Each structure stands twice: as structure tokens, then as C-alpha cells.
>>> print(open('query21.cif').read())   # mmCIF, C-alpha atoms and all ligand atoms
data_work
loop_
_atom_site.label_atom_id
_atom_site.label_comp_id
_atom_site.auth_asym_id
_atom_site.auth_seq_id
_atom_site.Cartn_x
_atom_site.Cartn_y
_atom_site.Cartn_z
CA MET Z 1 -14.08 1.25 4.46
CA ILE Z 2 -13.81 1.90 0.74
CA SER Z 3 -15.69 0.58 -2.24
CA ILE Z 4 -14.60 1.21 -5.84
CA ASN Z 5 -17.30 0.76 -8.43
CA ASP Z 6 -16.76 0.47 -12.20
CA LEU Z 7 -13.78 2.78 -12.11
CA SER Z 8 -12.08 3.77 -15.37
CA TYR Z 9 -9.16 6.08 -15.98
CA SER Z 10 -7.43 7.43 -19.04
CA PHE Z 11 -4.32 9.64 -19.28
CA ASP Z 12 -5.28 10.48 -22.84
CA PRO Z 13 -7.55 13.57 -23.11
CA GLN Z 14 -9.43 11.90 -26.02
CA ARG Z 15 -10.00 8.88 -23.74
CA LYS Z 16 -9.13 6.44 -26.52
CA TYR Z 17 -7.02 4.25 -24.27
CA SER Z 18 -8.04 3.44 -20.69
CA VAL Z 19 -5.36 2.37 -18.21
CA LEU Z 20 -8.13 1.25 -15.83
CA SER Z 21 -11.38 -0.06 -17.20
CA GLU Z 22 -14.54 -0.79 -15.18
CA LEU Z 23 -12.65 -1.94 -12.17
CA SER Z 24 -14.44 -2.76 -8.87
CA MET Z 25 -13.10 -3.74 -5.45
CA LYS Z 26 -13.86 -3.36 -1.74
CA VAL Z 27 -11.80 -3.07 1.41
CA LYS Z 28 -13.37 -3.58 4.84
CA HIS Z 29 -12.29 -1.90 8.09
CA GLY Z 30 -9.19 -3.56 9.53
CA GLU Z 31 -8.40 -5.61 6.43
CA PHE Z 32 -4.99 -6.03 4.82
CA VAL Z 33 -5.58 -6.31 1.09
CA SER Z 34 -2.86 -6.70 -1.55
CA VAL Z 35 -3.04 -5.75 -5.21
CA ILE Z 36 -0.84 -7.70 -7.60
CA GLY Z 37 -0.67 -7.65 -11.39
CA PRO Z 38 1.66 -7.40 -14.37
CA SER Z 39 3.93 -4.38 -14.62
CA GLY Z 40 2.11 -1.43 -16.19
CA CYS Z 41 -1.42 -2.77 -15.50
CA GLY Z 42 -2.26 0.39 -13.51
CA LYS Z 43 -1.70 -0.47 -9.83
CA SER Z 44 0.04 2.82 -8.93
CA THR Z 45 -2.48 4.77 -11.01
CA LEU Z 46 -5.29 3.14 -9.00
CA PHE Z 47 -3.58 4.14 -5.72
CA LYS Z 48 -3.11 7.73 -6.90
CA ILE Z 49 -6.84 7.92 -7.69
CA ILE Z 50 -7.81 6.43 -4.29
CA ALA Z 51 -5.43 8.87 -2.51
CA GLY Z 52 -7.18 11.75 -4.30
CA LEU Z 53 -4.23 12.76 -6.51
CA SER Z 54 -6.26 12.13 -9.70
CA GLU Z 55 -9.97 12.09 -10.49
CA PRO Z 56 -11.26 8.95 -12.27
CA THR Z 57 -12.64 9.31 -15.81
CA ASN Z 58 -15.68 7.22 -14.84
CA GLY Z 59 -16.95 5.32 -11.82
CA ASP Z 60 -17.54 5.98 -8.17
CA ILE Z 61 -15.52 5.65 -4.97
CA ILE Z 62 -17.61 5.17 -1.85
CA TRP Z 63 -15.50 6.22 1.10
CA GLN Z 64 -16.77 6.52 4.67
CA GLU Z 65 -20.20 5.40 3.45
CA ALA Z 66 -20.68 8.19 0.90
CA SER Z 67 -19.80 8.90 -2.69
CA SER Z 68 -16.49 10.86 -2.67
CA THR Z 69 -14.43 13.15 -4.88
CA ALA Z 70 -10.63 13.39 -5.14
CA THR Z 71 -10.74 16.57 -3.03
CA THR Z 72 -12.57 14.90 -0.13
CA ARG Z 73 -10.09 11.99 -0.10
CA LEU Z 74 -6.86 14.00 -0.58
CA GLY Z 75 -4.96 14.25 2.71
CA ASN Z 76 -7.38 11.92 4.52
CA ILE Z 77 -5.98 8.66 3.16
CA ALA Z 78 -2.32 7.93 3.91
CA TYR Z 79 -0.16 7.14 0.87
CA MET Z 80 3.33 5.69 1.04
CA PRO Z 81 4.96 5.68 -2.41
CA GLN Z 82 7.65 3.23 -3.62
CA GLN Z 83 10.60 5.43 -2.60
CA ASP Z 84 10.84 6.34 1.10
CA LEU Z 85 11.03 10.12 0.27
CA LEU Z 86 12.65 10.97 3.61
CA LEU Z 87 14.09 14.49 3.54
CA PRO Z 88 17.90 14.07 3.81
CA TRP Z 89 18.43 17.35 5.70
CA ARG Z 90 15.99 16.43 8.47
CA THR Z 91 16.55 14.08 11.40
CA VAL Z 92 14.33 11.01 11.83
CA LEU Z 93 12.19 12.86 14.37
CA ASP Z 94 11.80 15.90 12.11
CA ASN Z 95 10.92 13.69 9.13
CA CYS Z 96 8.22 12.02 11.23
CA LEU Z 97 6.86 15.44 12.22
CA LEU Z 98 6.10 16.37 8.58
CA PRO Z 99 2.46 15.12 8.51
CA TRP Z 100 1.79 17.11 11.68
CA GLU Z 101 3.29 20.26 10.09
CA VAL Z 102 0.70 19.97 7.33
CA THR Z 103 -2.36 19.24 9.50
CA GLN Z 104 -1.40 20.77 12.92
CA ASN Z 105 -4.22 18.53 14.20
CA ARG Z 106 -2.88 18.34 17.79
CA SER Z 107 -0.19 20.03 19.86
CA LYS Z 108 3.46 19.61 18.80
CA ALA Z 109 4.44 18.23 22.24
CA GLU Z 110 1.70 15.60 22.03
CA THR Z 111 2.81 14.63 18.50
CA ILE Z 112 6.48 14.32 19.52
CA SER Z 113 5.53 12.13 22.45
CA MET Z 114 3.40 9.92 20.14
CA ILE Z 115 6.29 9.65 17.63
CA ARG Z 116 8.72 8.74 20.42
CA GLU Z 117 6.40 5.96 21.59
CA MET Z 118 6.17 4.62 18.03
CA LEU Z 119 9.95 4.81 17.53
CA GLU Z 120 10.33 2.77 20.72
CA ARG Z 121 7.78 0.21 19.53
CA PHE Z 122 9.39 0.00 16.08
CA GLY Z 123 12.84 -0.59 17.66
CA LEU Z 124 14.12 2.75 16.36
CA ALA Z 125 14.40 4.86 19.53
CA GLU Z 126 18.20 5.23 19.23
CA VAL Z 127 18.04 6.75 15.74
CA GLU Z 128 15.67 9.62 16.62
CA GLN Z 129 18.38 12.23 15.97
CA ALA Z 130 20.02 10.40 13.02
CA TYR Z 131 19.80 11.59 9.41
CA PRO Z 132 18.38 9.30 6.67
CA ASN Z 133 21.82 8.69 5.06
CA GLU Z 134 23.01 7.15 8.36
CA LEU Z 135 20.28 4.45 8.24
CA SER Z 136 19.96 1.06 6.52
CA GLY Z 137 17.32 0.51 3.78
CA GLY Z 138 15.10 -1.46 6.19
CA MET Z 139 15.30 1.29 8.83
CA ARG Z 140 14.43 3.97 6.26
CA GLN Z 141 11.35 1.99 5.18
CA ARG Z 142 10.28 1.59 8.83
CA ILE Z 143 10.65 5.34 9.37
CA ALA Z 144 8.66 6.05 6.18
CA PHE Z 145 5.97 3.64 7.40
CA LEU Z 146 5.95 5.31 10.83
CA ARG Z 147 5.61 8.70 9.16
CA THR Z 148 2.62 7.36 7.19
CA LEU Z 149 1.05 6.21 10.50
CA VAL Z 150 1.58 9.68 12.02
CA THR Z 151 -0.98 11.06 9.54
CA GLY Z 152 -3.57 9.31 11.75
CA ALA Z 153 -5.49 8.17 8.63
CA GLU Z 154 -7.17 4.81 9.10
CA LEU Z 155 -6.75 3.75 5.46
CA MET Z 156 -3.13 3.37 4.34
CA LEU Z 157 -2.02 2.82 0.76
CA LEU Z 158 1.43 1.22 0.60
CA ASP Z 159 2.91 1.08 -2.91
CA GLU Z 160 5.59 -1.65 -2.97
CA PRO Z 161 7.18 -0.48 0.30
CA PHE Z 162 9.66 -3.39 0.43
CA GLY Z 163 10.33 -3.67 -3.31
CA ALA Z 164 13.83 -2.17 -3.18
CA LEU Z 165 15.04 -4.20 -0.18
CA ASP Z 166 17.31 -7.24 -0.34
CA ALA Z 167 15.76 -10.65 0.40
CA ILE Z 168 16.97 -10.90 4.02
CA THR Z 169 15.94 -7.35 4.98
CA LYS Z 170 12.58 -7.92 3.28
CA ARG Z 171 12.05 -11.07 5.36
CA GLU Z 172 12.90 -9.10 8.53
CA MET Z 173 10.38 -6.44 7.50
CA HIS Z 174 7.70 -9.12 7.04
CA LYS Z 175 8.43 -10.48 10.51
CA TRP Z 176 8.32 -6.97 11.92
CA LEU Z 177 5.07 -6.01 10.16
CA THR Z 178 3.21 -9.27 10.89
CA GLY Z 179 4.23 -8.94 14.58
CA LEU Z 180 2.97 -5.36 14.65
CA TRP Z 181 -0.17 -5.79 12.56
CA ASP Z 182 -2.65 -7.06 15.17
CA GLY Z 183 -2.14 -4.03 17.42
CA LEU Z 184 -2.28 -1.41 14.66
CA ALA Z 185 -6.05 -1.16 14.00
CA LYS Z 186 -5.43 0.12 10.47
CA THR Z 187 -6.76 -0.80 7.05
CA VAL Z 188 -4.08 -1.40 4.43
CA LEU Z 189 -4.08 -1.61 0.65
CA PHE Z 190 -0.69 -2.90 -0.46
CA ILE Z 191 0.91 -3.19 -3.91
CA THR Z 192 3.51 -5.87 -4.44
CA HIS Z 193 5.07 -8.02 -7.17
CA ASP Z 194 6.05 -10.63 -4.59
CA LEU Z 195 3.39 -13.35 -4.37
CA GLU Z 196 4.76 -14.80 -1.12
CA GLU Z 197 4.75 -11.37 0.48
CA ALA Z 198 1.13 -10.85 -0.64
CA ILE Z 199 0.00 -14.19 0.83
CA LEU Z 200 1.91 -13.81 4.11
CA LEU Z 201 0.61 -10.31 4.83
CA SER Z 202 -2.92 -10.23 3.39
CA ASP Z 203 -6.48 -11.20 4.24
CA ARG Z 204 -7.42 -10.93 0.57
CA ILE Z 205 -5.56 -10.41 -2.71
CA TYR Z 206 -6.79 -8.76 -5.91
CA LEU Z 207 -5.12 -9.70 -9.15
CA MET Z 208 -5.40 -6.88 -11.70
CA SER Z 209 -5.32 -8.13 -15.26
CA GLY Z 210 -4.69 -4.81 -17.06
CA SER Z 211 -6.30 -6.47 -20.07
CA GLN Z 212 -9.42 -5.25 -21.87
CA SER Z 213 -10.36 -8.84 -22.76
CA LYS Z 214 -10.15 -10.30 -19.22
CA ALA Z 215 -11.98 -9.55 -15.97
CA PRO Z 216 -10.23 -6.43 -14.58
CA MET Z 217 -9.98 -7.89 -11.05
CA GLN Z 218 -9.91 -11.40 -9.59
CA GLU Z 219 -10.25 -11.85 -5.86
CA PHE Z 220 -8.44 -14.44 -3.72
CA ILE Z 221 -9.05 -15.08 -0.02
CA VAL Z 222 -6.03 -15.98 2.11
CA ASP Z 223 -7.25 -18.74 4.37
CA LEU Z 224 -4.44 -18.66 6.94
CA PRO Z 225 -4.75 -17.82 10.67
CA ARG Z 226 -3.23 -14.76 12.33
CA PRO Z 227 -0.70 -14.02 13.73
CA ARG Z 228 1.23 -14.94 10.60
CA HIS Z 229 4.83 -16.10 10.53
CA SER Z 230 7.31 -17.07 7.83
CA ALA Z 231 7.03 -20.83 8.56
CA MET Z 232 3.54 -20.61 7.01
CA ASN Z 233 5.27 -20.42 3.61
CA TYR Z 234 5.30 -24.24 3.74
CA ASP Z 235 1.64 -24.64 4.73
CA PRO Z 236 -0.24 -26.58 2.00
CA ARG Z 237 -2.87 -23.78 1.81
CA PHE Z 238 -0.07 -21.25 1.23
CA LEU Z 239 1.54 -23.39 -1.47
CA LYS Z 240 -1.77 -24.04 -3.21
CA LEU Z 241 -2.65 -20.32 -3.29
CA ARG Z 242 0.83 -19.42 -4.48
CA GLU Z 243 0.56 -21.86 -7.36
CA ASP Z 244 -2.90 -20.60 -8.25
CA LEU Z 245 -1.80 -16.94 -8.21
CA GLU Z 246 1.28 -17.69 -10.27
CA ARG Z 247 -0.79 -19.49 -12.90
CA ARG Z 248 -3.42 -16.72 -13.10
CA LEU Z 249 -0.72 -14.04 -13.23
CA TYR Z 250 0.98 -15.90 -16.06
CA ASP Z 251 -2.40 -16.15 -17.85
CA THR Z 252 -2.82 -12.35 -17.69
CA HIS Z 253 0.69 -11.92 -19.16
CA THR Z 254 0.03 -14.22 -22.07
CA SER Z 255 -3.46 -12.89 -22.89
N1 LIG B 301 1.60 10.40 -16.21
C1 LIG B 301 1.37 9.47 -17.13
N2 LIG B 301 1.01 9.78 -18.40
C2 LIG B 301 0.73 8.82 -19.32
N3 LIG B 301 0.80 7.49 -19.07
C3 LIG B 301 1.16 7.12 -17.84
C4 LIG B 301 1.47 8.07 -16.80
N4 LIG B 301 1.78 7.39 -15.65
C5 LIG B 301 1.68 6.07 -15.97
N5 LIG B 301 1.32 5.91 -17.26
C6 LIG B 301 1.09 4.64 -17.96
O1 LIG B 301 -0.03 4.01 -17.34
C7 LIG B 301 0.16 2.61 -17.25
C8 LIG B 301 0.00 2.16 -15.82
O2 LIG B 301 1.08 2.68 -15.03
P1 LIG B 301 1.22 2.33 -13.48
O3 LIG B 301 2.46 2.98 -12.98
O4 LIG B 301 -0.06 2.65 -12.80
O5 LIG B 301 1.38 0.74 -13.56
P2 LIG B 301 1.83 -0.29 -12.42
O6 LIG B 301 0.94 -1.46 -12.55
O7 LIG B 301 1.87 0.39 -11.09
O8 LIG B 301 3.29 -0.64 -12.90
P3 LIG B 301 4.55 -1.25 -12.07
O9 LIG B 301 4.08 -2.57 -11.52
O10 LIG B 301 5.60 -1.43 -13.12
O11 LIG B 301 4.92 -0.24 -11.00
C9 LIG B 301 1.55 2.33 -17.85
O12 LIG B 301 1.37 1.93 -19.18
C10 LIG B 301 2.24 3.68 -17.77
O13 LIG B 301 3.18 3.81 -18.81
#
>>> encode(input="query21.cif", output="C-alpha cells", more="lines below")
Ligand SMILES: Nc1ncnc2c1ncn2[C@@H]1O[C@H](COP(=O)(O)OP(=O)(O)OP(=O)(O)O)[C@@H](O)[C@H]1O
Amino acid sequence: MISINDLSYSFDPQRKYSVLSELSMKVKHGEFVSVIGPSGCGKSTLFKIIAGLSEPTNGDIIWQEASSTATTRLGNIAYMPQQDLLLPWRTVLDNCLLPWEVTQNRSKAETISMIREMLERFGLAEVEQAYPNELSGGMRQRIAFLRTLVTGAELMLLDEPFGALDAITKREMHKWLTGLWDGLAKTVLFITHDLEEAILLSDRIYLMSGSQSKAPMQEFIVDLPRPRHSAMNYDPRFLKLREDLERRLYDTHTS
């Protein structure tokens, strides 16, 4: 689906300090891949480059089997930032229509009917005419996720979508997303600081070191069957991986 090769990025025009340095990773069709790493190591910067909002300083992004530029990716890869960014003056339905207003890629009636089906499936049919301030945090995140799906893009970049939710709502969101995942036929790249969330949701996890002296990326395979459920948190494979990730994450902090 996407392959990132030796990617580097610097905010500094003199390029003295690189936020990302020779970083490589791959995501296959239909995979759920999480990116974890210490705060400030460049996870959101990486997502902005993949989404086409910034051009890398060096390196190549192979997307849809060809070398790509920011312009070819922009608007074709769905990006859900940390805040839900729902427009407060628009109803749920009108917020979900936003991606269609930009692309106009099918008829409005067809899009509304597709959104209504998704609202039904997401358990949100009754709030179609509600405004964002009338919804709970979990509902707002579900609407923002639905709006990201409406773009129709196969690759979705989700930047800490559950980071601001309380522990119980977050757990409900995990249950909801793992239940939904098998029928979605999407490819997801997901940023999180929550190791349990990363293990429960992902097929693979990349740990970004953010350090010039360490390997920029370490890969971990999550060897747990699907469908996933929260009781897997006690599976010995889950516990072993959690311990391993925690240790490696701590190592990157203390390097
Ligand atoms: N527009 C900018 N100009 C200059 N430096 C920036 C800019 N945006 C981010 N940075 C710096 O780049 C580094 C990486 O930031 P980024 O937000 O990508 O990290 P992150 O890993 O996503 O962090 P967190 O986990 O805390 O969200 C940080 O040191 C940050 O201060």
C-alpha cells in the first residue's frame, strides 16, 4: 500500500537538525499498523508528510506502486488529526458531508444515503441532526472517524484519535473499532502513546526512536488472532509484547 524509504525531514531551512532521519517502513493493504514513540520524536510530522501536507527533505514514498510527491498524495489519503475538528455550527450529517463537498465525487443523494447507513452501523442514527456540542467525547470521535471514512480513501492516518478520551470511553471505542474492523476493508496507520491500545488494535507496531544514535524504527509483529477483544490483554503473548515494548520505549527515552 505504502512504502517509505530512507525518509528525512527538517523544519530548519539550513537542514542542520533533522526531526526524521533515514526512516523506512511499509504498510500492506488491509493492515492496521501503529506507530509509537517518545513525545516529540516526529510521529505527527511523519503523518503530515504521508498525507501530503509537507514534502520530505530526502527519501522516497512509494504509494500505489509508484514513487509519489506530496501533491499526488494530498487529498487521496485520509488524515484524522488529534482533535475531532467537527464544525460546531453544522449538524452531524452536515459535518459528515464535508469530504463530499470538497471532492463532489458522487451525487449528494447517494452520499447522504451512504452516511446514513454508516451512522446506523456506528450506532449514531439518532444524532444525525444533533450539533457537536450536544455529543459525548466518544460520539464526537466516532463521527470524526466516520467523516474520515466518507473520503473513500483506502489508507487512513489516525493521529491519536482516542488520546483525549477517559479510560472507560476509550475502552468502549476499542470494543467498537475491533468489532467494526473486519468489515471495513481499510488500511490504517495509527499513532498512539498507549501500548495496550497499540497491541489490541494492530497487526504490526513500529517504535520510532527519534534518536540519531539508535535505529530510527523497530518493528514488532502482534501475534494475536482476530477478531480481537479486551480479554486478550491477559494473554501471555500480549503481556510479553507489552513488556518488550515498554522496555524498548524506555531505552529510547534514556538514550
Ligand atoms: N512547525 C514546526 N516548526 C518547527 N519545529 C516543529 C514544528 N512542528 C513540530 N516541530 C518539532 O518537531 C518535533 C517533532 O514533532 P511532532 O509533533 O511530529 O512529534 P510527535 O512525536 O508527534 O509528538 P507527540 O507525541 O508529543 O504528539 C518536535 O521537536 C517539535 O517541537
>>> residues_near_point(input="query21.cif", point="(-2.1, -17.2, 10.0)", cutoff="10 Å", atoms="only C-alpha atoms", output="MDAnalysis selection string")
chainID Z and resid 178 199:203 222:232 235 238
>>> residues_near_ligand(input="query21.cif", ligand="ligand LIG 301 (chain B)", cutoff="6 Å", atoms="all atoms listed in the file", output="number ranges by chain")
Z: 11, 19, 39-45
>>> residues_around(input="query21.cif", residues="Leu207 (chain Z)", least_positions_apart="4", cutoff="10 Å", atoms="only C-alpha atoms", output="list in words")
Ser34, Val35, Ile36, Gly37, Pro38, Lys43, Ala215, Pro216, Met217, Gln218, Glu219, Phe220, Leu245, Arg248, Leu249 and Thr252 of chain Z
>>> write_last_selection(input="query21.cif", atoms="C-alpha atoms", output="mmCIF file, keeping the file's coordinate frame")
data_model
loop_
_atom_site.group_PDB
_atom_site.id
_atom_site.type_symbol
_atom_site.label_atom_id
_atom_site.label_comp_id
_atom_site.auth_asym_id
_atom_site.auth_seq_id
_atom_site.Cartn_x
_atom_site.Cartn_y
_atom_site.Cartn_z
ATOM 1 C CA SER Z 34 -2.860 -6.700 -1.550
ATOM 2 C CA VAL Z 35 -3.040 -5.750 -5.210
ATOM 3 C CA ILE Z 36 -0.840 -7.700 -7.600
ATOM 4 C CA GLY Z 37 -0.670 -7.650 -11.390
ATOM 5 C CA PRO Z 38 1.660 -7.400 -14.370
ATOM 6 C CA LYS Z 43 -1.700 -0.470 -9.830
ATOM 7 C CA ALA Z 215 -11.980 -9.550 -15.970
ATOM 8 C CA PRO Z 216 -10.230 -6.430 -14.580
ATOM 9 C CA MET Z 217 -9.980 -7.890 -11.050
ATOM 10 C CA GLN Z 218 -9.910 -11.400 -9.590
ATOM 11 C CA GLU Z 219 -10.250 -11.850 -5.860
ATOM 12 C CA PHE Z 220 -8.440 -14.440 -3.720
ATOM 13 C CA LEU Z 245 -1.800 -16.940 -8.210
ATOM 14 C CA ARG Z 248 -3.420 -16.720 -13.100
ATOM 15 C CA LEU Z 249 -0.720 -14.040 -13.230
ATOM 16 C CA THR Z 252 -2.820 -12.350 -17.690
#
>>> atom_distance(input="query21.cif", atom1="CA of Asp94 (chain Z)", atom2="CA of Thr72 (chain Z)")
27.3 Å
>>> residues_around(input="query21.cif", residues="Arg90 (chain Z)", least_positions_apart="5", cutoff="8 Å", atoms="only C-alpha atoms", output="list in words")
Asn95, Tyr131 and Pro132 of chain Z
>>> residues_around(input="query21.cif", residues="Tyr9 (chain Z)", least_positions_apart="2", cutoff="12 Å", atoms="only C-alpha atoms", output="ChimeraX atom specification")
/Z:6-7,11-23,41-43,45-50,54-60,210
>>> closest_residue(input="query21.cif", among="Z:Arg73, Z:Arg116, Z:Arg242, Z:Arg204", to="Ala153 (chain Z)", atoms="all atoms listed in the file")
Z:Arg73
